[in-house]
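What follows is a short report on a single structure.
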Amino acid sequence: MKIKDTLHLGHTNFPMRGSLPKTEPTREKQWEDDHLYEKRLDLNKNKAHFNLHDGPPYANGNIHIGHAMNKISKDIIVRYKNMTGYNAPYVPGWDTHGLPIEQQLTKAGYDRKSMSKADWRRLAHDYALKQVEMQKRDFKRLGVLGEWDNPYLTLNPEFEAAQVRVFGAMAGKGYIYRGLKPVYWSWSSESALAEAEVEYHDLESTSLFYANRVKDGKGVLDNDTYLVVWTTTPFTITASRGITVGPNFDYVLVKPKGQTSKYVVAKALLEENAARFGWKEPEVLATYKGIDLDKITVEHPWDKNITELVMNADHVTLDSGTGLVHTAPGFGEDDYNVGMKYGLPIDMTVDSKGYLMKSAGSDFEGKFYDDVVPLVIEKLKKAGLWLATEKIKHSYPFDWRTKKPIIWRAVPQWFVSIEPFRKEILDQIKDVKFYPDWGEVRLYNMIKDRGDWVISRQRVWGVPLPIFYAEDGTPIVDEKLIDHVADLFAKHGSTYWFEHTAKELLPDGYTNEHSPNGKFTKEEDIMDVWFDSGSSWSGVMQERSYLDYPADVYLEGADQFRGWFNSNIITSVAVNGIAPYKSVIAQGFVFDDKGQKMSKSLGNIISPNDVANQMGTEIVRLWVMSIDSSQDVHVSKDILKQVSESYRKIRNTMRFLLANTEDFDPKKNSVAFSDREPIDKWMTADFNQFIKDWHEKMGRYDFYDLFKQLINFVSNDLSAFYLDVAKDIVYIDEADSSERRSMQTVFYEISVKLTKLLTPFLPHTAEELWENLKEPEAYAYLSEAPRFEKLADADNLLKDWDYFFKFRDLVNKELENAREKTLIGKNAEAALQVTLTEKQMEVFDHLQLDIRKLLMVSQLKETKGQETKVEVTHASGQVDPRDRLYHDDIGADTKFPMFSKKNAEIVEHDFPDLTSEQLED
RNA sequence: GGACUAUUAGCUCAGCUGGUUAGAGCGCUGUGUUGAUAACGCAGAGGUCCCAGGUCCGAGUCCUGGAUGGUCCA
């Protein structure tokens with residue numbers, strides 16, 4: 001038998017390295033097979049509810065690190081709540097309608113025009129479900145627990161029905177109205193396009209400069225004055241209803257030599273325009289600011305019945321043209337915005353195929369928009385208003401599929417008017433708790449400033465707008481009818497709308513005064529997907545009996561102030577007058593370590609599932625814990641490497657605790673707090689404080705603060721001090737000595753409690769630890785988180801110990817000096833002569849500290865003095881091969897002459913039959 | 001251009017109501033151990049606190065302006 005074997009070195013099956021990529025999936029499967037999620041909730045049946053409502057990711061594409069951060073953060077919170085006295089279900093969701101899915105179908109070679117809307121929707125439906133399955137698999141691989149078998153999908157009939165009812169309720173309150181708004185319009189495919197379906201190419205266009213005769217100069221300009229404008233889209237002059245100027249720009253009133261007319265152009269552009277128009281020596285008669293010209297009116301170039309209004313807006317530039325822009329609110333976004341502000345009508349003069357309509361005037365009716373340039377010029381010349389024609393080459397939007405140019409064109413759209421309940425929303429925002437707190441200001445300002453919500457989309461894959469039209473074209477927006485449609489959707493899904501006629505969708509025997517012949521049509525547009533997810537408080541939280549409305553918390557990226565946080569509170573306040581959430585957590589975005597966006601071309605993409613398969617999901621999770629996610633965060637291979645170092649530190653420290661409680665039976669060997677050794681009392685109190693801080697920080701969702709606390713605790717309190725000192729007791733002492741059991745009690749307590757605290761963050765590792773503990777629950781996750789305990793005099797205890805730690809720093813420095821002088825190697829070779837102040841003496845005595853042991857030196861003498869001093873010499877005597885300390889009494893025991901007296905006694909006690917001859921080095 | 005936000009050691013982060021030589025962990029360097037060993041201990045070197053003004057006896061911390069980055073709008 002070796003001397004080493006007389007020690008209690010401890011063993012554990014918990015390996016130093018986790019082989020995480022291999023073991024994690026097995027564990028996840030086990031959780032699923034064992035219904036761990038359900039079991040936990042079952043334990044919490046009668047507890048207070050805590051609802052984190054999942055914001056639905058879009059069901060398209062692989063998950064990225066941002067998704068991982070989001071889902072892991074949620075899982076941490078949900079798991080934590082479930083372990084601290086709450087019933088916290090987690091229902092994951094997906095956003096499954098919308099344009100990107102339609103685009104994917106197109107990319108895959110399907111042609112929307114060659115099939116019915118219903119068939120197209122079936123393809124989209126199947127595609128979405130496949131994406132959901134893929135993403136679900138990847139989310140589960142992150143260790144996230146939830147109701148994966150029964151997630152919420154915005155395409156589910158019950159969700160669609162709830163959404164339609166939300167719409168109905170808003171309609172019932174009169175918040176839904178129809179208006180015109182310009183969109184990208186492709187005449188070649190006869191449809192509206194989204195930004196993503198537009199590509200830009202160079203195009204040569206004809207630009208025109210012409211004059212507008214002043215009608216009412218408001219005392220600033222007289223009737224013989226002309227405002228000079230330019231346009232690159234001559235056909236839109238048919239719908240011109242105003243002229244926009246820049247409020248702070250200087251405009252000059254000029255009279256060219258030999259002319260009686262006066263013209264207004266931007267001062268900065270006078271020279272180039274004078275040259276362009278052939279004006280000779282233009283005389284400047286006056287200068288105005290744009291704002292001075294506000295609300296002056298001019299005549300339409302050829303339609304005397306139309307008066308145009310001069311308006312001010314910031315989109316006007318002095319790059320080119322005249323500084324005055326002809327404005328047709330139906331033909332451009334800027335035009336629309338300024339037109340709305342000034343209350344202009346939105347007149348449309350072009351049909352869906354790009355041909356001018358009767359509203360453009362009889363001369364134009366039936367002509368293709370791009371063919372009317374000569375006619376426009378002719379009319380301008382006839383009116384004496386034409387000034388110049390130029391060809392310009394510019395970047396112009398094209399239909400990505402037909403490769404034909406597109407135009408802006410106002411089409412009928414459905415809107416939610418915000419104004420009637422804006423104040424109510426703002427009041428509700430004040431009652432929501434935001435993390436971080438500036439979220440409140442941000443959401444508040446957004447709601448305060450936002451315009452009405454355009455909810456129609458000229459698309460196919462979405463929830464239909466449940467609106468009918470009577471024979472005379474009157475839209476029928478009726479809550480009762482909408483509820484009827486909702487019932488149909490609940491039963492058949494919303495594709496039903498496209499498979500049936502208006503008549504079939506209406507209740508039997510429905511009549512309307514606007515349809516004397518009983519004929520009806522239905523709206524073909526669908527709802528904005530933000531209305532889908534924006535109704536989730538109803539479609540999920542209200543729909544499912546075990547969830548609550550309003551939810552306790554929403555957690556998403558800060559972009560959702562414009563998105564989901566926004567749409568949810570609008571619909572919720574509109575219908576019920578309350579915010580759908582009590583608190584909101586906003587997170588930043590993920591960039592690489594240089595602050596750059598992740599992109600394929602930069603090669604800096606960190607895919608969560610790659611990391612999971614190479615390093616382990618635990619590393620991703622610990623990364624999430626380590627970052628301040630309330631701001632933008634960074635991730636890279638190097639950062640993850642650093643995180644995995646931290647992981648190893650945590651893992652190894654826990655492993656040490658497990659190994660050294662191998663022979664400890666918590667039921668039989670536990671030592672009560674009051675009976676513990678001084679150092680163990682300190683450790684107990686210190687860890688108890690750790691638990692208190694932990695819960696406080698969790699309450700603020702400060703994960704990164706917890707991470708620091710954890711690493712500091714593990715590195716400093718445990719590894720560098722307590723466990724280091726502990727070795728001389730746990731290894732050396734008699735197996736059942738009270739000192740050793742006292743320490744093991746603390747070891748075991750920390751292993752159990754720290755494992756529990758880690759479970760929300762590192763669930764795989766926690767469960768692996770749990771298998772090596774002696775606790776009754778089958779899973780760490782089925783246990784309850786530890787609580788702060790009242791310990792007698794703990795605060796003073798911790799304060800007093802600070803005297804020792806300061807003293808220890810000093811000793812460590814002196815020992816290091818001695819080491820450098822090769823006076824000693826390890827601490828055990830040292831003997832210390834220390835001078836302590838009276839205060840130190842008093843505190844150390846009071847705490848009953850064995851300073852020699854705590855400093856791990858062989859010998860120590862202390863004297864009292866004015867100031868603290870430490871002197872290091874080499875220890876005297878010989879080394880005891882068992883505890884490796886120097887002793888002056890080696891050989892004192894005749895039975896084991898190689899040992900000191902103390903070690904000989906221990907061996908005799910623990911191994912009564914052993915003789916010295918049986919021992920070897 | 002607007003709303004909100006960030007910028008402290010190589011990395012991840014602390015620095016409360018302004019007050020002595022700006023901190024932690026990791027990493028790095030050196031070193032000790034070899035009974036936590038692809039582990040553990042000890043020590044050390046790293047910072048013009050984004051820049052420029054200002055207030056103050058005194059500013060990383062307050063004010064003003066600017067630079068750079070981010071999200072969402074326009």
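Letters A, B, ... mark the chains of the structure tokens in the order given; residue numbers begin at 1 per chain; ligand numbers begin at 1, in order shown.
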
Nearby residues (only C-alpha atoms (C1' of nucleotides)) at most 9 Å from stretch 66-74 of chain B, same-chain spacing under 2 positions excluded, as a PyMOL selection string: (chain A and resi 315+446+557-562+588-589+595+631-632) or (chain B and resi 1-7+50-52)

Polymer residues at most 9 Å from stretch 529-531 of chain A, only C-alpha atoms (C1' of nucleotides), same-chain spacing of 5 or more positions, as a PyMOL selection string: chain A and resi 95-99+163+167+455+457+462-463+536+563-564+567-568+571

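Our summary of the geometry notes that atom CA of A:Tyr184 is positioned 9.4 Å from atom CA of A:Glu333.
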
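Residues in contact with stretch 10-26 of chain B at up to 8 Å, not including ones fewer than 4 positions away on its chain and judged by only C-alpha atoms (C1' of nucleotides), are Ser626, Ile627, Ile639, Gln642, Glu645, Ser646, Tyr704, Lys708, Ile711 and Asn712 of chain A; C49, G58, A59, G60, U61 and C62 of chain B.
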
Close residues, A:Val553 itself excluded, 12 Å, only C-alpha atoms (C1' of nucleotides), min 5 positions apart in chain, as number ranges by chain: A: 49-55, 74, 77-78, 81, 88, 90, 432-435, 537, 541, 548, 565, 579-586, 701

Excluding B:G41 and residues on its chain fewer than 5 positions from it, collect all residues at most 10 Å away from it, counting only C-alpha atoms (C1' of nucleotides), and give them as a short mmCIF file (atom, residue, chain, number, x, y, z; two decimals) with C-alpha atoms (C1' of nucleotides), in the first residue's frame.
```
data_model
loop_
_atom_site.label_atom_id
_atom_site.label_comp_id
_atom_site.auth_asym_id
_atom_site.auth_seq_id
_atom_site.Cartn_x
_atom_site.Cartn_y
_atom_site.Cartn_z
CA SER A 719 -10.79 27.70 -6.32
CA ALA A 720 -8.07 30.08 -5.20
CA PHE A 721 -8.85 30.09 -1.51
CA ASP A 724 -6.97 25.15 -1.90
CA LYS A 826 5.75 25.71 -2.39
CA ASN A 827 4.11 27.36 0.58
"C1'" G B 32 5.53 27.12 -7.97
"C1'" U B 33 3.37 22.54 -7.76
#
```

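When DSSP is run on the backbone, the residues of stretch 748-919 of chain A that fall into strand (DSSP E) are A:Ala830, A:Ala831, A:Leu832, A:Gln833, A:Val834, A:Thr835, A:Leu836, A:Gln859, A:Leu860, A:Lys861, A:Glu862, A:Thr863, A:Lys864, A:Lys869, A:Val870, A:Glu871, A:Val872, A:Thr873, A:His874, A:Gln878, A:Val879, A:Tyr886, A:His887.
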
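Picture a line from atom CA of A:Asp680 to atom CA of A:Ala726; it runs 9.5 Å.
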
Minimum-distance residue to chain A, chosen among B:A38, B:A9, B:C63, B:C28 (using only C-alpha atoms (C1' of nucleotides)): B:A38

From a backbone DSSP assignment, name each residue in stretch 265-391 of chain A labelled helix (DSSP H, G or I), as a short mmCIF file (atom, residue, chain, number, x, y, z; two decimals) with C-alpha atoms, in the first residue's frame.
```cif
data_model
loop_
_atom_site.label_atom_id
_atom_site.label_comp_id
_atom_site.auth_asym_id
_atom_site.auth_seq_id
_atom_site.Cartn_x
_atom_site.Cartn_y
_atom_site.Cartn_z
CA LYS A 267 -31.43 80.97 -55.81
CA ALA A 268 -28.73 78.34 -55.90
CA LEU A 269 -30.02 77.00 -59.21
CA LEU A 270 -30.75 80.29 -60.94
CA GLU A 271 -27.60 80.37 -63.02
CA GLU A 272 -27.87 76.90 -64.49
CA ASN A 273 -31.57 77.30 -65.19
CA ALA A 274 -31.19 80.70 -66.80
CA ALA A 275 -28.73 79.10 -69.17
CA ARG A 276 -31.04 76.16 -69.71
CA PHE A 277 -34.03 78.35 -70.56
CA GLY A 290 -39.49 78.57 -49.09
CA ILE A 291 -41.65 79.02 -46.04
CA ASP A 292 -42.70 82.48 -47.34
CA LEU A 293 -44.32 80.84 -50.35
CA PRO A 329 -49.74 62.66 -54.14
CA GLY A 330 -50.86 59.49 -55.88
CA PHE A 331 -47.55 58.96 -57.61
CA GLU A 333 -44.16 58.46 -51.35
CA ASP A 334 -42.79 61.92 -50.62
CA ASP A 335 -45.61 63.41 -52.64
CA TYR A 336 -48.09 61.40 -50.65
CA ASN A 337 -46.65 62.39 -47.28
CA VAL A 338 -46.57 66.08 -48.00
CA GLY A 339 -49.97 65.87 -49.69
CA MET A 340 -51.48 64.24 -46.60
CA LYS A 341 -50.01 66.91 -44.40
CA LYS A 358 -60.50 59.19 -68.01
CA SER A 359 -59.48 61.13 -64.90
CA ALA A 360 -56.33 62.19 -66.76
CA TYR A 369 -48.12 56.24 -69.54
CA ASP A 370 -44.71 56.15 -71.17
CA ASP A 371 -46.03 57.23 -74.58
CA VAL A 373 -44.42 62.61 -73.24
CA PRO A 374 -44.88 64.31 -76.69
CA LEU A 375 -48.49 65.06 -75.84
CA VAL A 376 -47.54 66.58 -72.49
CA ILE A 377 -44.93 68.76 -74.17
CA GLU A 378 -47.42 69.80 -76.80
CA LYS A 379 -49.96 70.80 -74.17
CA LEU A 380 -47.38 72.73 -72.17
CA LYS A 381 -46.21 74.55 -75.26
CA LYS A 382 -49.76 75.37 -76.23
#
```

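Near A:Lys304, within 12 Å and counting only C-alpha atoms (C1' of nucleotides), sit A:Asn212, A:Arg213, A:Lys215, A:Val298, A:Glu299, A:His300, A:Pro301, A:Thr307, A:Glu308, A:Gly361, A:Ala383; same-chain residues fewer than 3 positions away were not included.
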
Please produce an output containing C-alpha atoms for each residue in the selection, written as a PDB file, in the first residue's frame.
```pdb
ATOM      1  CA  ASN A 212     -46.955  77.251 -63.258  1.00  0.00           C
ATOM      2  CA  ARG A 213     -48.942  80.436 -63.296  1.00  0.00           C
ATOM      3  CA  LYS A 215     -53.403  81.962 -59.058  1.00  0.00           C
ATOM      4  CA  VAL A 298     -51.070  78.075 -58.902  1.00  0.00           C
ATOM      5  CA  GLU A 299     -53.099  76.906 -61.859  1.00  0.00           C
ATOM      6  CA  HIS A 300     -52.743  73.430 -63.217  1.00  0.00           C
ATOM      7  CA  PRO A 301     -50.863  73.684 -66.545  1.00  0.00           C
ATOM      8  CA  THR A 307     -55.791  74.574 -58.274  1.00  0.00           C
ATOM      9  CA  GLU A 308     -52.386  73.492 -57.053  1.00  0.00           C
ATOM     10  CA  GLY A 361     -58.450  64.059 -69.293  1.00  0.00           C
ATOM     11  CA  ALA A 383     -50.294  76.889 -72.800  1.00  0.00           C
TER      12      ALA A 383
END
```

Coordinates-based distance that separates atom CA of A:Ser858 from atom CA of A:Glu908 (Å, one decimal): 22.3 Å

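Excluding A:Lys262 itself and same-chain residues fewer than 2 positions from it, the residues having an atom within 10 Å of it are Arg213, Leu221, Asp222, Asn223, Asp224, Thr225, Tyr226, Leu227, Val252, Leu253, Val254, Lys255, Pro256, Gln259, Thr260, Val264, Pro282, Glu283, Val284 and Leu285 of chain A, counting only C-alpha atoms (C1' of nucleotides).
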